[in-house]
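Asks: I am sharing structure37.txt, which consists of compact mmCIF, C-alpha atoms:
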# COMPACT_ATOMS: atom_id res chain seq x y z
CA MET A 26 127.58 62.61 165.86
CA GLU A 27 127.44 63.42 169.56
CA PHE A 28 124.46 65.70 168.82
CA TYR A 29 122.82 63.06 166.63
CA LEU A 30 123.03 60.35 169.28
CA SER A 31 121.88 62.73 172.01
CA PHE A 32 118.93 63.95 169.93
CA MET A 33 117.85 60.41 169.05
CA LYS A 34 118.01 59.47 172.74
CA TYR A 35 115.79 62.46 173.54
CA LEU A 36 113.29 61.56 170.79
CA ASN A 37 113.02 58.01 172.14
CA SER A 38 112.00 59.33 175.57
CA ALA A 39 110.00 62.46 174.68
CA ILE A 40 106.19 62.62 174.69
CA HIS A 41 104.47 64.70 171.99
CA ALA A 42 101.33 66.84 172.33
CA ARG A 43 98.95 63.88 171.86
CA GLY A 44 100.47 62.07 174.82
CA GLU A 45 102.39 59.40 172.87
CA LYS A 46 106.03 58.75 172.11
CA TYR A 47 107.36 59.63 168.67
CA THR A 48 107.24 56.96 165.98
CA LEU A 49 110.44 56.04 164.21
CA ASN A 50 109.20 57.65 160.98
CA THR A 51 108.43 60.93 162.76
CA GLN A 52 111.93 60.87 164.23
CA GLY A 53 113.18 60.33 160.69
CA LYS A 54 111.36 63.47 159.49
CA PHE A 55 113.18 65.55 162.13
CA ILE A 56 116.56 64.11 161.13
CA LYS A 57 115.77 64.63 157.44
CA CYS A 58 115.12 68.34 158.07
CA ILE A 59 118.36 68.66 160.04
CA ILE A 60 120.33 66.99 157.25
CA ALA A 61 118.75 69.37 154.72
CA MET A 62 119.82 72.38 156.82
CA LEU A 63 123.35 71.04 157.27
CA ARG A 64 123.70 70.31 153.56
CA TYR A 65 122.43 73.80 152.67
CA GLY A 66 124.92 75.37 155.11
CA PHE A 67 127.77 73.40 153.53
CA ASP A 68 126.69 74.18 149.95
CA MET A 69 126.44 77.90 150.73
CA GLY A 70 129.88 77.93 152.35
CA TYR A 71 128.59 78.74 155.85
CA THR A 72 130.34 75.69 157.29
CA THR A 73 132.80 72.98 156.29
CA ASN A 74 131.03 70.43 158.49
CA GLN A 75 129.95 67.40 156.45
CA VAL A 76 128.67 65.23 159.28
CA PHE A 77 125.37 64.93 157.37
CA ALA A 78 127.22 62.61 154.96
CA HIS A 79 128.38 60.27 157.74
CA ARG A 80 126.97 56.78 157.29
CA ASP A 81 125.72 56.74 160.89
CA PHE A 82 123.98 60.15 160.59
CA ARG A 83 121.10 58.36 158.94
CA VAL A 84 117.36 58.94 158.65
CA PRO A 85 115.59 56.26 160.72
CA SER A 86 112.50 54.74 159.16
CA ALA A 87 110.15 51.80 159.53
CA LYS A 88 107.67 50.22 157.16
CA THR A 89 104.15 51.37 157.98
CA GLU A 90 100.86 49.53 157.49
CA GLU A 91 99.13 51.67 154.87
CA VAL A 92 95.77 50.58 153.53
CA TYR A 93 94.06 51.10 150.19
CA LEU A 94 90.54 50.62 148.88
CA ASN A 95 89.94 48.07 146.14
CA ASP A 96 87.35 48.49 143.38
CA LYS A 97 84.55 46.84 145.38
CA GLU A 98 85.20 49.11 148.36
CA LEU A 99 85.24 52.21 146.17
CA ASP A 100 81.93 51.12 144.62
CA ALA A 101 80.44 50.65 148.11
CA LEU A 102 81.64 54.11 149.08
CA GLU A 103 80.08 55.56 145.93
CA LYS A 104 76.69 53.99 146.72
CA LEU A 105 76.61 55.24 150.31
CA PRO A 106 73.62 57.62 150.66
CA LEU A 107 75.11 60.96 151.72
CA THR A 108 74.11 64.61 151.48
CA GLY A 109 75.70 68.00 151.93
CA ARG A 110 79.31 68.32 152.96
CA ARG A 111 79.79 64.61 153.50
CA ALA A 112 78.60 63.87 149.97
CA GLU A 113 80.99 66.46 148.50
CA THR A 114 83.89 65.12 150.57
CA ARG A 115 83.15 61.53 149.50
CA ASP A 116 82.86 62.58 145.85
CA ALA A 117 86.14 64.53 145.98
CA PHE A 118 87.85 61.47 147.49
CA LEU A 119 86.47 59.22 144.74
CA ILE A 120 87.73 61.58 142.04
CA ALA A 121 91.18 61.36 143.65
CA ALA A 122 90.90 57.56 143.89
CA TRP A 123 90.10 57.30 140.17
CA THR A 124 92.67 59.89 139.00
CA GLY A 125 95.49 59.53 141.53
CA VAL A 126 95.93 63.25 142.19
CA ARG A 127 97.34 64.54 145.48
CA HIS A 128 95.12 66.50 147.85
CA SER A 129 96.88 69.78 147.01
CA ASP A 130 96.21 69.27 143.28
CA LEU A 131 92.66 68.08 143.96
CA LYS A 132 91.92 71.26 145.91
CA ALA A 133 93.44 73.45 143.19
CA MET A 134 91.66 71.67 140.33
CA ASN A 135 89.19 73.75 138.33
CA ASP A 136 87.44 73.80 134.95
CA SER A 137 90.69 74.68 133.13
CA HIS A 138 92.17 71.31 134.09
CA ILE A 139 89.21 69.25 132.87
CA ASN A 140 88.66 68.35 129.21
CA PHE A 141 85.34 66.54 128.82
CA ALA A 142 85.69 66.21 125.04
CA GLU A 143 88.95 64.24 125.36
CA ARG A 144 88.05 62.73 128.77
CA LYS A 145 91.31 63.92 130.30
CA ILE A 146 92.51 65.88 133.31
CA THR A 147 95.77 67.79 132.90
CA ILE A 148 97.61 69.00 135.98
CA HIS A 149 101.01 70.39 136.94
CA SER A 150 101.69 69.04 140.41
CA ILE A 151 101.97 71.73 143.07
CA LYS A 152 104.37 69.53 145.03
CA THR A 153 106.76 68.48 142.25
CA GLY A 154 105.93 70.68 139.25
CA THR A 155 105.61 67.61 137.04
CA LYS A 156 102.89 67.41 134.41
CA ALA A 157 100.39 64.58 134.32
CA ILE A 158 97.60 63.85 131.84
CA ILE A 159 95.08 61.49 133.40
CA PRO A 160 92.19 59.77 131.59
CA MET A 161 88.77 60.19 133.23
CA ASN A 162 86.65 57.09 133.62
CA SER A 163 82.87 57.22 133.36
CA LYS A 164 82.46 57.44 137.13
CA VAL A 165 84.60 60.58 137.38
CA ILE A 166 82.61 62.17 134.58
CA GLU A 167 79.36 61.20 136.29
CA ILE A 168 80.46 62.82 139.56
CA LEU A 169 81.54 66.03 137.82
CA ASN A 170 78.25 66.19 135.94
CA ARG A 171 76.40 66.02 139.27
CA TYR A 172 78.06 69.33 140.09
CA GLY A 173 77.27 70.96 136.77
CA GLY A 174 80.56 69.91 135.19
CA HIS A 175 82.63 71.41 138.01
CA MET A 176 84.66 70.05 140.91
CA PRO A 177 82.88 69.47 144.21
CA SER A 178 84.14 71.47 147.18
CA VAL A 179 87.36 70.04 148.63
CA PRO A 180 87.98 70.64 152.38
CA SER A 181 91.42 71.22 153.88
CA ASN A 182 93.49 68.11 154.49
CA PRO A 183 92.82 67.83 158.27
CA VAL A 184 89.08 68.51 157.88
CA MET A 185 88.78 66.07 154.99
CA ASN A 186 90.60 63.35 156.94
CA LYS A 187 88.24 63.81 159.88
CA LEU A 188 85.12 63.66 157.69
CA LEU A 189 86.40 60.68 155.72
CA LYS A 190 86.92 58.57 158.85
CA VAL A 191 83.24 59.05 159.76
CA ILE A 192 82.20 58.22 156.19
CA TYR A 193 84.45 55.13 156.03
CA LYS A 194 83.05 53.85 159.32
CA ASP A 195 79.48 54.32 158.06
CA ALA A 196 80.45 52.47 154.87
CA GLY A 197 81.37 49.43 156.97
CA PHE A 198 85.16 49.44 156.60
CA THR A 199 85.57 47.74 159.98
CA GLN A 200 88.01 44.98 159.04
CA SER A 201 90.72 44.39 161.63
CA VAL A 202 94.26 45.39 160.63
CA ASN A 203 97.32 44.34 162.63
CA ILE A 204 99.65 47.29 163.17
CA ILE A 205 103.30 47.06 164.20
CA SER A 206 105.01 50.38 164.90
CA ILE A 207 108.18 51.60 166.60
CA ARG A 208 107.56 54.25 169.28
CA GLY A 209 110.25 55.49 171.61
CA GLY A 210 112.53 52.73 170.39
CA GLU A 211 110.00 50.05 171.37
CA GLU A 212 107.90 47.79 169.13
CA ILE A 213 104.17 48.41 169.62
CA ARG A 214 101.60 45.91 168.33
CA GLU A 215 98.01 47.09 167.89
CA VAL A 216 94.83 45.99 166.17
CA LYS A 217 92.83 48.76 164.48
CA GLN A 218 89.83 48.86 162.20
CA LYS A 219 90.41 49.85 158.59
CA TRP A 220 88.38 53.08 158.82
CA GLN A 221 90.83 54.34 161.44
CA LEU A 222 93.74 54.05 159.01
CA VAL A 223 92.33 55.60 155.86
CA SER A 224 92.91 59.24 154.91
CA VAL A 225 92.89 61.57 151.91
CA HIS A 226 96.14 59.99 150.74
CA THR A 227 94.46 56.56 150.66
CA ALA A 228 92.88 57.71 147.39
CA ARG A 229 96.22 58.10 145.62
CA ARG A 230 97.47 54.81 147.04
CA SER A 231 94.27 53.08 145.89
CA PHE A 232 94.63 54.49 142.37
CA ALA A 233 98.19 53.19 141.99
CA THR A 234 97.51 49.77 143.55
CA ASN A 235 94.30 49.08 141.63
CA LEU A 236 95.85 49.94 138.27
CA SER A 237 98.93 47.89 139.09
CA THR A 238 96.82 44.81 139.85
CA LYS A 239 95.13 45.26 136.44
CA GLY A 240 98.51 44.93 134.73
CA ILE A 241 99.46 48.53 133.89
CA SER A 242 103.23 48.91 133.67
CA LEU A 243 105.13 50.88 136.29
CA MET A 244 106.37 53.24 133.59
CA ASP A 245 102.83 54.07 132.44
CA LEU A 246 101.67 54.37 136.02
CA GLN A 247 104.52 56.76 136.74
CA HIS A 248 103.29 59.06 133.96
CA LEU A 249 99.85 59.13 135.54
CA THR A 250 100.93 59.69 139.15
CA GLY A 251 103.73 62.13 138.30
CA HIS A 252 106.28 60.40 140.51
CA SER A 253 109.80 61.53 139.66
CA ASP A 254 111.29 58.39 141.26
CA ILE A 255 109.87 55.00 140.35
CA ASN A 256 111.05 53.59 143.71
CA ASN A 257 108.78 56.05 145.49
CA LEU A 258 105.94 54.84 143.28
CA LYS A 259 106.63 51.21 144.24
CA ARG A 260 106.05 52.11 147.89
CA TYR A 261 102.49 53.10 146.97
CA LEU A 262 101.57 49.61 145.81
CA LYS A 263 99.79 48.00 148.75
CA THR A 264 98.35 44.72 147.51
CA THR A 265 97.87 42.50 150.58
CA HIS A 266 99.44 39.06 150.98
CA ASN A 267 95.96 37.54 150.96
CA GLU A 268 95.09 39.24 147.65
CA VAL A 269 98.32 37.97 146.08
CA ALA A 270 97.51 34.43 147.25
CA ASP A 271 93.95 34.65 145.86
CA LYS A 272 95.24 35.91 142.52
CA LEU A 273 97.73 33.03 142.23
CA ILE A 274 95.03 30.48 143.11
CA HIS A 275 92.27 31.79 140.83
CA GLU A 276 94.14 33.37 137.94
CA THR A 277 97.09 31.04 137.35
CA ASN A 278 97.78 27.32 137.03
CA LEU A 279 100.71 27.42 139.44
CA PHE A 280 98.86 26.01 142.45
CA ILE A 281 96.56 23.36 141.01
Show me the file's structure as structure tokens.
Replies:
Amino acid sequence: MEFYLSFMKYLNSAIHARGEKYTLNTQGKFIKCIIAMLRYGFDMGYTTNQVFAHRDFRVPSAKTEEVYLNDKELDALEKLPLTGRRAETRDAFLIAAWTGVRHSDLKAMNDSHINFAERKITIHSIKTGTKAIIPMNSKVIEILNRYGGHMPSVPSNPVMNKLLKVIYKDAGFTQSVNIISIRGGEEIREVKQKWQLVSVHTARRSFATNLSTKGISLMDLQHLTGHSDINNLKRYLKTTHNEVADKLIHETNLFI
């Protein structure tokens, strides 16, 4: 515990390579790795130290403001006139947004995973090893047909994130988003534009949120996303407070 408290004190004062203090969630990743090493050492009999199980040797975390793209925004992205690498990157993102696959599975996807006759994509997740069979909507099929029935080129995660931010900005995703984060033990309040917050993973979050708002059950959604833990899936659902209010006003009789 003395190490834990000392390390957390260091993380709250340290500056990382980009010139900022560590967020609480980044600190949590470090502690999570340390706990995994300590647990492995105990399980293998290298040590009898079980401090990793102490209630105060916990993984710090904070809720982050993660955005998603609704159906209208995805349609606007699809209609954006692009060519070359940007077009391929946008199309790969849209496939992910309409199938829910992770970037690693998107990059590994090939003709063997795609069944046009049954309109299904079958994958075994690289991250979890779980199998998912995902229906293809007409837009996914249309994109694949533009590439001769094959997947468009998928850049690496960092390169794709960089390209997507340019594409999102060009698409007009400039809405202001209030961000509250914990850095160095202090609460930081910022206002950013939506294009600054989106990434490759926004596609998977959009897939889960959009289907959830259409009424698909969490159990069915779990089969599609391949989440082993339904609580992890729930964290993907990012419907905004404003969208919930609009839905209650326009789709129910509760607030007449």
Asks: At a cut-off of 12 Å, can you tabulate as a tab-separated table every residue of stretch 48-150 of chain A near stretch 184-188 of chain A together with its closest atom pair and the distance in Å to one decimal, using all atoms listed in the file and ordering rows by chain then number?
Replies:
residue	atom	partner	partner_atom	distance
A:Leu107	CA	A:Leu188	CA	12.0
A:Gly109	CA	A:Leu188	CA	11.9
A:Arg110	CA	A:Leu188	CA	8.8
A:Arg111	CA	A:Leu188	CA	6.8
A:Ala112	CA	A:Leu188	CA	10.1
A:Glu113	CA	A:Met185	CA	10.1
A:Thr114	CA	A:Met185	CA	6.7
A:Arg115	CA	A:Leu188	CA	8.7
A:Asp116	CA	A:Met185	CA	11.4
A:Ala117	CA	A:Met185	CA	9.5
A:Phe118	CA	A:Met185	CA	8.8
A:His128	CA	A:Met185	CA	9.6
A:Ser129	CA	A:Met185	CA	12.0
A:Leu131	CA	A:Met185	CA	11.9
A:Lys132	CA	A:Met185	CA	10.9
Asks: Identify which of the residues A:Val126, A:Met134, A:Ile205, A:Ala196 lies closest to A:His248, counting only C-alpha atoms when measuring atom-to-atom distances.
Replies: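 Looking only at the distances to A:His248, the closest residue turns out to be A:Val126.
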Asks: Here is a test: counting all atoms listed in the file, which residue of A:Ala61, A:Val191, A:Ile120, A:Ile40 is nearest to A:Gln221?
Replies: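 Result for the nearest residue to A:Gln221: A:Val191.
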Asks: What box, with edges along x, y and z, holds each listed atom of stretch 158-172 of chain A when 6 Å is added on every side, and can you state its centre and edge lengths in Å to one decimal, as AutoDock Vina command-line options?
Replies:
--center_x 87.0 --center_y 63.2 --center_z 135.8 --size_x 33.2 --size_y 24.2 --size_z 20.5
Asks: State, in Å with one decimal place, the distance from atom CA of A:Gln52 to atom CA of A:Arg80.
Replies: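 One can read the atom CA of A:Gln52 to atom CA of A:Arg80 distance as 17.1 Å.
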Asks: Could you pull the residues within 8 Å of stretch 139-148 of chain A, counting only C-alpha atoms, minus those fewer than 6 positions along the same chain, as a list in words?
Replies: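 Counting only C-alpha atoms, the residues come to Asp130, Lys156, Ala157, Ile158, Ile159, Pro160, Met161, Asn162 and Ile166 of chain A.
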Asks: Based on the selection just made, write C-alpha atoms of those residues as a PDB file, in the coordinates of the input.
Replies:
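Full text of result35.pdb as output:
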ATOM      1  CA  ASP A 130      96.210  69.270 143.280  1.00  0.00           C
ATOM      2  CA  LYS A 156     102.890  67.410 134.410  1.00  0.00           C
ATOM      3  CA  ALA A 157     100.390  64.580 134.320  1.00  0.00           C
ATOM      4  CA  ILE A 158      97.600  63.850 131.840  1.00  0.00           C
ATOM      5  CA  ILE A 159      95.080  61.490 133.400  1.00  0.00           C
ATOM      6  CA  PRO A 160      92.190  59.770 131.590  1.00  0.00           C
ATOM      7  CA  MET A 161      88.770  60.190 133.230  1.00  0.00           C
ATOM      8  CA  ASN A 162      86.650  57.090 133.620  1.00  0.00           C
ATOM      9  CA  ILE A 166      82.610  62.170 134.580  1.00  0.00           C
TER      10      ILE A 166
END
Asks: Can you work out the spacing between atom CA of A:Lys54 and atom CA of A:Glu27 in Å, to one decimal?
Replies: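 The value is 19.0 Å.
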Asks: Report the distance between atom CA of A:Arg229 and atom CA of A:Glu98 in Å, rounded to one decimal place.
Replies: 14.5 Å
Asks: Using only C-alpha atoms for the distances, tell me which of A:Leu99, A:Ile151, A:Leu236, A:Val92 is nearest to A:Asn203.
Replies: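 For A:Asn203, the nearest of the given residues is A:Val92.
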